[in-house]
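Heads up: the structure comes next, in structure tokens.
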Amino acid sequence: MQTKTDKLFDAVKKTIDDHYPAGWGGAGGVLLENGDILTSISPEFPNAASSVCMELGSYIQAATLRQQVTHTLCLVRENEHDSLTVLTPCGICQERLDLWGKTTQCGIDTLPNGEIHYIPLADLQPFHWSEVYQ
């Protein structure tokens with residue numbers, strides 16, 4: 001039986017396969033507290049300076065739906081023949097994830113058995129600036 005995080009991986013992989021059938025591909029996704037999964041891409045804007053993180057669309061959609069994000073995952077591949085690689089949330093996405101709290105689980109790498117390794121956002125940013133206001 002597939003776990004919720006397996007379903008998240010499959011949904012992000014499908015988004016990559018659908019949007020990038022050949023060559024480079026990448027997508028992000030989130031698992032919501034209600035079990036739904038949202039995925040997103042970063043379109044190839046003509047002006048590279050206007051690019052956004054692949055996960056941003058799913059973060060905005062989750063916020064719009066007023067849903068709690070429990071897990072986030074970003075995957076990339078160099079071409080359609082390569083395996084997928086997990087990208088840890090960048091600093092900006094870590095700031096965005098803080099909206100849902102320090103327990104949000106972030107995909108950071110792949111374990112030797114092929115499972116995705118998740119850790120809480122708090123472990124990615126143990127000295128976050130907001131701690132001075134706690």
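Numbering starts fresh at 1 for the residues of each chain in the structure tokens, the chains themselves are lettered A, B, ... in the order given, and ligands are numbered from 1 as they appear.
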Original post:
Would you give me, as an MDAnalysis selection string, the residues in chain A that DSSP reads as strand (DSSP E or B)?
Top reply: chainID A and resid 25:32 37:40 69:77 85:86 105:110 116:120
Mind dumping the selected residues with N, CA and C atoms as an mmCIF file, in the first residue's frame?
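Result written to result31.cif:
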```cif
data_model
loop_
_atom_site.group_PDB
_atom_site.id
_atom_site.type_symbol
_atom_site.label_atom_id
_atom_site.label_comp_id
_atom_site.auth_asym_id
_atom_site.auth_seq_id
_atom_site.Cartn_x
_atom_site.Cartn_y
_atom_site.Cartn_z
ATOM 1 N N GLY A 25 13.779 18.561 -16.582
ATOM 2 C CA GLY A 25 12.456 18.711 -16.008
ATOM 3 C C GLY A 25 12.527 18.868 -14.512
ATOM 4 N N GLY A 26 11.587 19.626 -13.987
ATOM 5 C CA GLY A 26 11.515 19.824 -12.545
ATOM 6 C C GLY A 26 10.128 20.261 -12.135
ATOM 7 N N ALA A 27 9.751 19.904 -10.911
ATOM 8 C CA ALA A 27 8.449 20.285 -10.368
ATOM 9 C C ALA A 27 8.508 20.208 -8.851
ATOM 10 N N GLY A 28 7.570 20.877 -8.237
ATOM 11 C CA GLY A 28 7.439 20.830 -6.788
ATOM 12 C C GLY A 28 6.037 20.407 -6.425
ATOM 13 N N GLY A 29 5.875 20.025 -5.176
ATOM 14 C CA GLY A 29 4.552 19.644 -4.722
ATOM 15 C C GLY A 29 4.451 19.659 -3.215
ATOM 16 N N VAL A 30 3.213 19.695 -2.756
ATOM 17 C CA VAL A 30 2.942 19.669 -1.327
ATOM 18 C C VAL A 30 1.854 18.650 -1.017
ATOM 19 N N LEU A 31 1.957 18.097 0.176
ATOM 20 C CA LEU A 31 0.921 17.236 0.738
ATOM 21 C C LEU A 31 0.192 18.081 1.777
ATOM 22 N N LEU A 32 -1.116 18.129 1.666
ATOM 23 C CA LEU A 32 -1.915 18.915 2.589
ATOM 24 C C LEU A 32 -2.427 18.054 3.733
ATOM 25 N N ILE A 37 -2.993 16.588 -2.680
ATOM 26 C CA ILE A 37 -1.658 16.896 -3.181
ATOM 27 C C ILE A 37 -1.791 17.970 -4.250
ATOM 28 N N LEU A 38 -0.922 18.969 -4.161
ATOM 29 C CA LEU A 38 -0.855 20.037 -5.156
ATOM 30 C C LEU A 38 0.543 20.019 -5.758
ATOM 31 N N THR A 39 0.640 20.209 -7.064
ATOM 32 C CA THR A 39 1.946 20.277 -7.709
ATOM 33 C C THR A 39 2.044 21.550 -8.534
ATOM 34 N N SER A 40 3.280 21.911 -8.850
ATOM 35 C CA SER A 40 3.491 23.114 -9.648
ATOM 36 C C SER A 40 4.847 23.061 -10.332
ATOM 37 N N VAL A 69 -0.024 22.806 4.968
ATOM 38 C CA VAL A 69 0.968 21.991 4.268
ATOM 39 C C VAL A 69 1.682 21.137 5.303
ATOM 40 N N THR A 70 1.705 19.818 5.081
ATOM 41 C CA THR A 70 2.421 18.929 5.996
ATOM 42 C C THR A 70 3.768 18.488 5.435
ATOM 43 N N HIS A 71 3.883 18.372 4.098
ATOM 44 C CA HIS A 71 5.115 17.927 3.432
ATOM 45 C C HIS A 71 5.325 18.727 2.155
ATOM 46 N N THR A 72 6.584 18.969 1.840
ATOM 47 C CA THR A 72 6.931 19.620 0.584
ATOM 48 C C THR A 72 8.039 18.826 -0.089
ATOM 49 N N LEU A 73 7.995 18.785 -1.426
ATOM 50 C CA LEU A 73 8.976 18.019 -2.187
ATOM 51 C C LEU A 73 9.249 18.713 -3.513
ATOM 52 N N CYS A 74 10.521 18.810 -3.870
ATOM 53 C CA CYS A 74 10.924 19.370 -5.154
ATOM 54 C C CYS A 74 11.852 18.356 -5.825
ATOM 55 N N LEU A 75 11.558 18.013 -7.070
ATOM 56 C CA LEU A 75 12.334 17.029 -7.820
ATOM 57 C C LEU A 75 12.804 17.608 -9.142
ATOM 58 N N VAL A 76 14.005 17.222 -9.564
ATOM 59 C CA VAL A 76 14.538 17.612 -10.869
ATOM 60 C C VAL A 76 15.234 16.421 -11.513
ATOM 61 N N ARG A 77 15.400 16.528 -12.822
ATOM 62 C CA ARG A 77 16.198 15.550 -13.564
ATOM 63 C C ARG A 77 16.886 16.314 -14.697
ATOM 64 N N THR A 85 16.226 13.752 -8.753
ATOM 65 C CA THR A 85 17.014 14.202 -7.614
ATOM 66 C C THR A 85 16.157 15.133 -6.778
ATOM 67 N N VAL A 86 16.261 15.006 -5.462
ATOM 68 C CA VAL A 86 15.525 15.873 -4.552
ATOM 69 C C VAL A 86 16.309 17.165 -4.356
ATOM 70 N N GLN A 105 7.263 19.061 7.037
ATOM 71 C CA GLN A 105 8.287 18.095 6.637
ATOM 72 C C GLN A 105 8.809 18.434 5.239
ATOM 73 N N CYS A 106 10.131 18.550 5.111
ATOM 74 C CA CYS A 106 10.771 18.970 3.868
ATOM 75 C C CYS A 106 11.601 17.831 3.287
ATOM 76 N N GLY A 107 11.340 17.490 2.030
ATOM 77 C CA GLY A 107 12.156 16.488 1.356
ATOM 78 C C GLY A 107 13.564 17.035 1.156
ATOM 79 N N ILE A 108 14.573 16.272 1.606
ATOM 80 C CA ILE A 108 15.942 16.779 1.495
ATOM 81 C C ILE A 108 16.870 15.881 0.677
ATOM 82 N N ASP A 109 16.603 14.591 0.605
ATOM 83 C CA ASP A 109 17.431 13.704 -0.208
ATOM 84 C C ASP A 109 16.761 12.336 -0.315
ATOM 85 N N THR A 110 17.431 11.450 -1.015
ATOM 86 C CA THR A 110 16.912 10.094 -1.195
ATOM 87 C C THR A 110 17.748 9.134 -0.358
ATOM 88 N N ILE A 116 12.316 8.827 0.055
ATOM 89 C CA ILE A 116 12.679 10.230 0.244
ATOM 90 C C ILE A 116 12.844 10.486 1.742
ATOM 91 N N HIS A 117 13.903 11.190 2.097
ATOM 92 C CA HIS A 117 14.166 11.561 3.487
ATOM 93 C C HIS A 117 13.574 12.947 3.737
ATOM 94 N N TYR A 118 12.696 13.040 4.712
ATOM 95 C CA TYR A 118 12.057 14.297 5.105
ATOM 96 C C TYR A 118 12.534 14.687 6.498
ATOM 97 N N ILE A 119 12.708 15.992 6.711
ATOM 98 C CA ILE A 119 13.002 16.506 8.045
ATOM 99 C C ILE A 119 12.142 17.737 8.291
ATOM 100 N N PRO A 120 11.890 18.068 9.567
ATOM 101 C CA PRO A 120 11.088 19.255 9.867
ATOM 102 C C PRO A 120 11.808 20.538 9.436
#
```
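Taking only C-alpha atoms, the non-local environment of segment 79-82 of chain A within 8 Å (same-chain residues fewer than 4 positions away omitted) comprises Pro21, Ala22, Gly23, Trp24 and Gly25 of chain A.
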Could the residues in this selection be written to a file with C-alpha atoms, as an mmCIF file, in the first residue's frame?
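This went into again_22.cif:
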```cif
data_model
loop_
_atom_site.group_PDB
_atom_site.id
_atom_site.type_symbol
_atom_site.label_atom_id
_atom_site.label_comp_id
_atom_site.auth_asym_id
_atom_site.auth_seq_id
_atom_site.Cartn_x
_atom_site.Cartn_y
_atom_site.Cartn_z
ATOM 1 C CA PRO A 21 8.600 14.840 -21.745
ATOM 2 C CA ALA A 22 12.158 15.364 -23.039
ATOM 3 C CA GLY A 23 15.236 17.047 -21.645
ATOM 4 C CA TRP A 24 15.470 18.795 -18.309
ATOM 5 C CA GLY A 25 12.456 18.711 -16.008
#
```
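Put simply, atom CA of Lys102 of chain A is 4.9 Å away from atom CA of Leu121 of chain A.
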**OP:** Name all residues at most 9 Å from Asp6 of chain A (count only C-alpha atoms; drop same-chain ones fewer than 4 positions away) and give them as a list of chain:residue names.
**Re:**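 In the requested form, the answer reads A:Gln2, A:Asp10, A:Ala11, A:Glu115, A:Ile116.
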Original post:
So how many Å separate atom CA of Gly114 of chain A and atom CA of Asp36 of chain A, to one decimal?
Top reply: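 Taking atom CA of Gly114 of chain A as the start and atom CA of Asp36 of chain A as the end point, the length is 23.0 Å.
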Original post:
Counting only C-alpha atoms, what is within 12 Å of Cys93 of chain A, bar same-chain residues fewer than 5 positions away, as a VMD selection string?
Top reply: chain A and resid 28 52 to 60 72 to 74 87 to 88 98 to 100 104 106 121 124 to 125
Would you save the residues from that selection as a PDB file, in the first residue's frame, using N, CA, C and O atoms?
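Result file selection_11.pdb:
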```
ATOM      1  N   GLY A  28       7.570  20.877  -8.237  1.00  0.00           N
ATOM      2  CA  GLY A  28       7.439  20.830  -6.788  1.00  0.00           C
ATOM      3  C   GLY A  28       6.037  20.407  -6.425  1.00  0.00           C
ATOM      4  O   GLY A  28       5.123  20.430  -7.259  1.00  0.00           O
ATOM      5  N   VAL A  52      10.480  31.886 -10.919  1.00  0.00           N
ATOM      6  CA  VAL A  52      10.091  31.610  -9.537  1.00  0.00           C
ATOM      7  C   VAL A  52      10.456  30.162  -9.208  1.00  0.00           C
ATOM      8  O   VAL A  52      10.689  29.344 -10.095  1.00  0.00           O
ATOM      9  N   CYS A  53      10.486  29.850  -7.922  1.00  0.00           N
ATOM     10  CA  CYS A  53      10.767  28.483  -7.493  1.00  0.00           C
ATOM     11  C   CYS A  53       9.654  27.551  -7.961  1.00  0.00           C
ATOM     12  O   CYS A  53       8.487  27.951  -8.048  1.00  0.00           O
ATOM     13  N   MET A  54      10.014  26.310  -8.237  1.00  0.00           N
ATOM     14  CA  MET A  54       9.037  25.336  -8.740  1.00  0.00           C
ATOM     15  C   MET A  54       7.904  25.067  -7.752  1.00  0.00           C
ATOM     16  O   MET A  54       6.785  24.772  -8.147  1.00  0.00           O
ATOM     17  N   GLU A  55       8.188  25.190  -6.463  1.00  0.00           N
ATOM     18  CA  GLU A  55       7.194  24.889  -5.437  1.00  0.00           C
ATOM     19  C   GLU A  55       6.190  26.016  -5.220  1.00  0.00           C
ATOM     20  O   GLU A  55       5.133  25.806  -4.639  1.00  0.00           O
ATOM     21  N   LEU A  56       6.538  27.230  -5.651  1.00  0.00           N
ATOM     22  CA  LEU A  56       5.753  28.412  -5.292  1.00  0.00           C
ATOM     23  C   LEU A  56       4.278  28.288  -5.664  1.00  0.00           C
ATOM     24  O   LEU A  56       3.401  28.663  -4.873  1.00  0.00           O
ATOM     25  N   GLY A  57       3.979  27.752  -6.834  1.00  0.00           N
ATOM     26  CA  GLY A  57       2.572  27.617  -7.244  1.00  0.00           C
ATOM     27  C   GLY A  57       1.770  26.778  -6.268  1.00  0.00           C
ATOM     28  O   GLY A  57       0.631  27.133  -5.914  1.00  0.00           O
ATOM     29  N   SER A  58       2.348  25.688  -5.785  1.00  0.00           N
ATOM     30  CA  SER A  58       1.611  24.846  -4.840  1.00  0.00           C
ATOM     31  C   SER A  58       1.490  25.517  -3.475  1.00  0.00           C
ATOM     32  O   SER A  58       0.477  25.361  -2.799  1.00  0.00           O
ATOM     33  N   TYR A  59       2.509  26.292  -3.068  1.00  0.00           N
ATOM     34  CA  TYR A  59       2.412  27.032  -1.800  1.00  0.00           C
ATOM     35  C   TYR A  59       1.282  28.056  -1.876  1.00  0.00           C
ATOM     36  O   TYR A  59       0.477  28.174  -0.950  1.00  0.00           O
ATOM     37  N   ILE A  60       1.230  28.788  -2.961  1.00  0.00           N
ATOM     38  CA  ILE A  60       0.194  29.814  -3.109  1.00  0.00           C
ATOM     39  C   ILE A  60      -1.193  29.174  -3.170  1.00  0.00           C
ATOM     40  O   ILE A  60      -2.139  29.655  -2.552  1.00  0.00           O
ATOM     41  N   THR A  72       6.584  18.969   1.840  1.00  0.00           N
ATOM     42  CA  THR A  72       6.931  19.620   0.584  1.00  0.00           C
ATOM     43  C   THR A  72       8.039  18.826  -0.089  1.00  0.00           C
ATOM     44  O   THR A  72       8.902  18.243   0.587  1.00  0.00           O
ATOM     45  N   LEU A  73       7.995  18.785  -1.426  1.00  0.00           N
ATOM     46  CA  LEU A  73       8.976  18.019  -2.187  1.00  0.00           C
ATOM     47  C   LEU A  73       9.249  18.713  -3.513  1.00  0.00           C
ATOM     48  O   LEU A  73       8.320  19.137  -4.195  1.00  0.00           O
ATOM     49  N   CYS A  74      10.521  18.810  -3.870  1.00  0.00           N
ATOM     50  CA  CYS A  74      10.924  19.370  -5.154  1.00  0.00           C
ATOM     51  C   CYS A  74      11.852  18.356  -5.825  1.00  0.00           C
ATOM     52  O   CYS A  74      12.816  17.885  -5.205  1.00  0.00           O
ATOM     53  N   LEU A  87      15.617  18.294  -4.474  1.00  0.00           N
ATOM     54  CA  LEU A  87      16.203  19.587  -4.135  1.00  0.00           C
ATOM     55  C   LEU A  87      15.633  20.027  -2.791  1.00  0.00           C
ATOM     56  O   LEU A  87      14.414  20.154  -2.642  1.00  0.00           O
ATOM     57  N   THR A  88      16.508  20.254  -1.837  1.00  0.00           N
ATOM     58  CA  THR A  88      16.093  20.789  -0.542  1.00  0.00           C
ATOM     59  C   THR A  88      15.508  22.187  -0.756  1.00  0.00           C
ATOM     60  O   THR A  88      16.009  22.928  -1.602  1.00  0.00           O
ATOM     61  N   ASP A  98       7.509  28.685   6.400  1.00  0.00           N
ATOM     62  CA  ASP A  98       7.310  29.093   7.791  1.00  0.00           C
ATOM     63  C   ASP A  98       5.850  29.485   8.048  1.00  0.00           C
ATOM     64  O   ASP A  98       5.384  29.441   9.180  1.00  0.00           O
ATOM     65  N   LEU A  99       5.120  29.827   6.998  1.00  0.00           N
ATOM     66  CA  LEU A  99       3.692  30.130   7.126  1.00  0.00           C
ATOM     67  C   LEU A  99       2.942  28.979   7.792  1.00  0.00           C
ATOM     68  O   LEU A  99       1.992  29.192   8.544  1.00  0.00           O
ATOM     69  N   TRP A 100       3.368  27.742   7.514  1.00  0.00           N
ATOM     70  CA  TRP A 100       2.691  26.564   8.048  1.00  0.00           C
ATOM     71  C   TRP A 100       3.385  25.978   9.274  1.00  0.00           C
ATOM     72  O   TRP A 100       2.973  24.936   9.766  1.00  0.00           O
ATOM     73  N   THR A 104       6.577  21.467   9.439  1.00  0.00           N
ATOM     74  CA  THR A 104       6.390  21.077   8.039  1.00  0.00           C
ATOM     75  C   THR A 104       7.565  20.203   7.610  1.00  0.00           C
ATOM     76  O   THR A 104       8.723  20.563   7.805  1.00  0.00           O
ATOM     77  N   CYS A 106      10.131  18.550   5.111  1.00  0.00           N
ATOM     78  CA  CYS A 106      10.771  18.970   3.868  1.00  0.00           C
ATOM     79  C   CYS A 106      11.601  17.831   3.287  1.00  0.00           C
ATOM     80  O   CYS A 106      12.460  17.279   3.985  1.00  0.00           O
ATOM     81  N   LEU A 121      11.025  21.521   9.058  1.00  0.00           N
ATOM     82  CA  LEU A 121      11.567  22.817   8.680  1.00  0.00           C
ATOM     83  C   LEU A 121      12.483  23.364   9.774  1.00  0.00           C
ATOM     84  O   LEU A 121      13.523  23.958   9.477  1.00  0.00           O
ATOM     85  N   LEU A 124      15.995  22.535   9.276  1.00  0.00           N
ATOM     86  CA  LEU A 124      16.667  23.221   8.175  1.00  0.00           C
ATOM     87  C   LEU A 124      17.099  24.623   8.577  1.00  0.00           C
ATOM     88  O   LEU A 124      18.049  25.168   8.022  1.00  0.00           O
ATOM     89  N   GLN A 125      16.376  25.219   9.512  1.00  0.00           N
ATOM     90  CA  GLN A 125      16.671  26.592   9.917  1.00  0.00           C
ATOM     91  C   GLN A 125      16.635  26.721  11.438  1.00  0.00           C
ATOM     92  O   GLN A 125      15.782  27.409  11.990  1.00  0.00           O
TER      93      GLN A 125
END
```
**OP:** as a ChimeraX atom specification, please: all residues of chain A that backbone DSSP puts in alpha helix (DSSP H).
**Re:** /A:4-19,56-64,91-97,121-124
Just-selected residues, N, CA and C atoms written as a short mmCIF file (atom, residue, chain, number, x, y, z; two decimals), in the first residue's frame:
```cif
data_model
loop_
_atom_site.label_atom_id
_atom_site.label_comp_id
_atom_site.auth_asym_id
_atom_site.auth_seq_id
_atom_site.Cartn_x
_atom_site.Cartn_y
_atom_site.Cartn_z
N LYS A 4 1.26 8.27 1.91
CA LYS A 4 0.94 9.60 1.39
C LYS A 4 2.16 10.24 0.75
N THR A 5 3.34 10.01 1.33
CA THR A 5 4.54 10.61 0.75
C THR A 5 4.94 9.91 -0.55
N ASP A 6 4.62 8.64 -0.70
CA ASP A 6 4.82 7.96 -1.99
C ASP A 6 3.93 8.59 -3.05
N LYS A 7 2.70 8.90 -2.67
CA LYS A 7 1.76 9.53 -3.59
C LYS A 7 2.23 10.93 -3.97
N LEU A 8 2.82 11.64 -3.01
CA LEU A 8 3.38 12.96 -3.31
C LEU A 8 4.49 12.83 -4.34
N PHE A 9 5.41 11.89 -4.13
CA PHE A 9 6.49 11.65 -5.09
C PHE A 9 5.92 11.35 -6.47
N ASP A 10 4.95 10.44 -6.54
CA ASP A 10 4.36 10.05 -7.83
C ASP A 10 3.70 11.24 -8.52
N ALA A 11 3.02 12.10 -7.76
CA ALA A 11 2.35 13.26 -8.34
C ALA A 11 3.36 14.26 -8.90
N VAL A 12 4.45 14.49 -8.16
CA VAL A 12 5.47 15.42 -8.64
C VAL A 12 6.16 14.84 -9.87
N LYS A 13 6.45 13.54 -9.85
CA LYS A 13 7.07 12.88 -11.00
C LYS A 13 6.16 12.99 -12.22
N LYS A 14 4.86 12.76 -12.04
CA LYS A 14 3.92 12.85 -13.16
C LYS A 14 3.88 14.27 -13.72
N THR A 15 3.95 15.25 -12.86
CA THR A 15 3.96 16.65 -13.32
C THR A 15 5.19 16.90 -14.19
N ILE A 16 6.33 16.38 -13.76
CA ILE A 16 7.56 16.52 -14.56
C ILE A 16 7.38 15.83 -15.90
N ASP A 17 6.91 14.58 -15.88
CA ASP A 17 6.74 13.82 -17.12
C ASP A 17 5.76 14.50 -18.08
N ASP A 18 4.68 15.07 -17.52
CA ASP A 18 3.66 15.73 -18.35
C ASP A 18 4.17 17.03 -18.97
N HIS A 19 4.90 17.82 -18.19
CA HIS A 19 5.34 19.14 -18.65
C HIS A 19 6.69 19.12 -19.37
N LEU A 56 6.54 27.23 -5.65
CA LEU A 56 5.75 28.41 -5.29
C LEU A 56 4.28 28.29 -5.66
N GLY A 57 3.98 27.75 -6.83
CA GLY A 57 2.57 27.62 -7.24
C GLY A 57 1.77 26.78 -6.27
N SER A 58 2.35 25.69 -5.79
CA SER A 58 1.61 24.85 -4.84
C SER A 58 1.49 25.52 -3.47
N TYR A 59 2.51 26.29 -3.07
CA TYR A 59 2.41 27.03 -1.80
C TYR A 59 1.28 28.06 -1.88
N ILE A 60 1.23 28.79 -2.96
CA ILE A 60 0.19 29.81 -3.11
C ILE A 60 -1.19 29.17 -3.17
N GLN A 61 -1.29 28.07 -3.89
CA GLN A 61 -2.59 27.39 -3.98
C GLN A 61 -3.03 26.87 -2.62
N ALA A 62 -2.11 26.30 -1.83
CA ALA A 62 -2.44 25.82 -0.49
C ALA A 62 -2.91 26.98 0.39
N ALA A 63 -2.22 28.11 0.32
CA ALA A 63 -2.62 29.27 1.10
C ALA A 63 -3.99 29.78 0.65
N THR A 64 -4.22 29.79 -0.66
CA THR A 64 -5.51 30.24 -1.19
C THR A 64 -6.64 29.34 -0.69
N GLY A 91 16.44 28.90 0.58
CA GLY A 91 16.18 29.80 1.70
C GLY A 91 14.87 30.56 1.56
N ILE A 92 14.55 30.99 0.35
CA ILE A 92 13.30 31.72 0.14
C ILE A 92 12.11 30.80 0.38
N CYS A 93 12.18 29.57 -0.12
CA CYS A 93 11.08 28.63 0.11
C CYS A 93 10.98 28.26 1.59
N GLN A 94 12.10 28.20 2.29
CA GLN A 94 12.04 27.96 3.73
C GLN A 94 11.27 29.08 4.42
N GLU A 95 11.50 30.31 3.99
CA GLU A 95 10.75 31.44 4.55
C GLU A 95 9.26 31.29 4.23
N ARG A 96 8.95 30.87 3.03
CA ARG A 96 7.54 30.68 2.64
C ARG A 96 6.90 29.57 3.46
N LEU A 97 7.63 28.48 3.68
CA LEU A 97 7.10 27.34 4.43
C LEU A 97 6.83 27.69 5.89
N LEU A 121 11.02 21.52 9.06
CA LEU A 121 11.57 22.82 8.68
C LEU A 121 12.48 23.36 9.77
N ALA A 122 12.13 23.15 11.02
CA ALA A 122 12.95 23.65 12.14
C ALA A 122 14.39 23.12 12.06
N ASP A 123 14.57 21.91 11.54
CA ASP A 123 15.92 21.35 11.41
C ASP A 123 16.70 21.99 10.27
N LEU A 124 16.00 22.53 9.28
CA LEU A 124 16.67 23.22 8.18
C LEU A 124 17.10 24.62 8.58
#
```
Original post:
Mind pulling up the distance from atom CA of Glu33 of chain A to atom CA of Pro126 of chain A?
Top reply: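 It comes out at 23.6 Å.
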Original post:
Closest to Asn34 of chain A among A:Glu78, A:Cys90, A:Gln67, A:Leu111, using only C-alpha atoms?
Top reply: A:Gln67
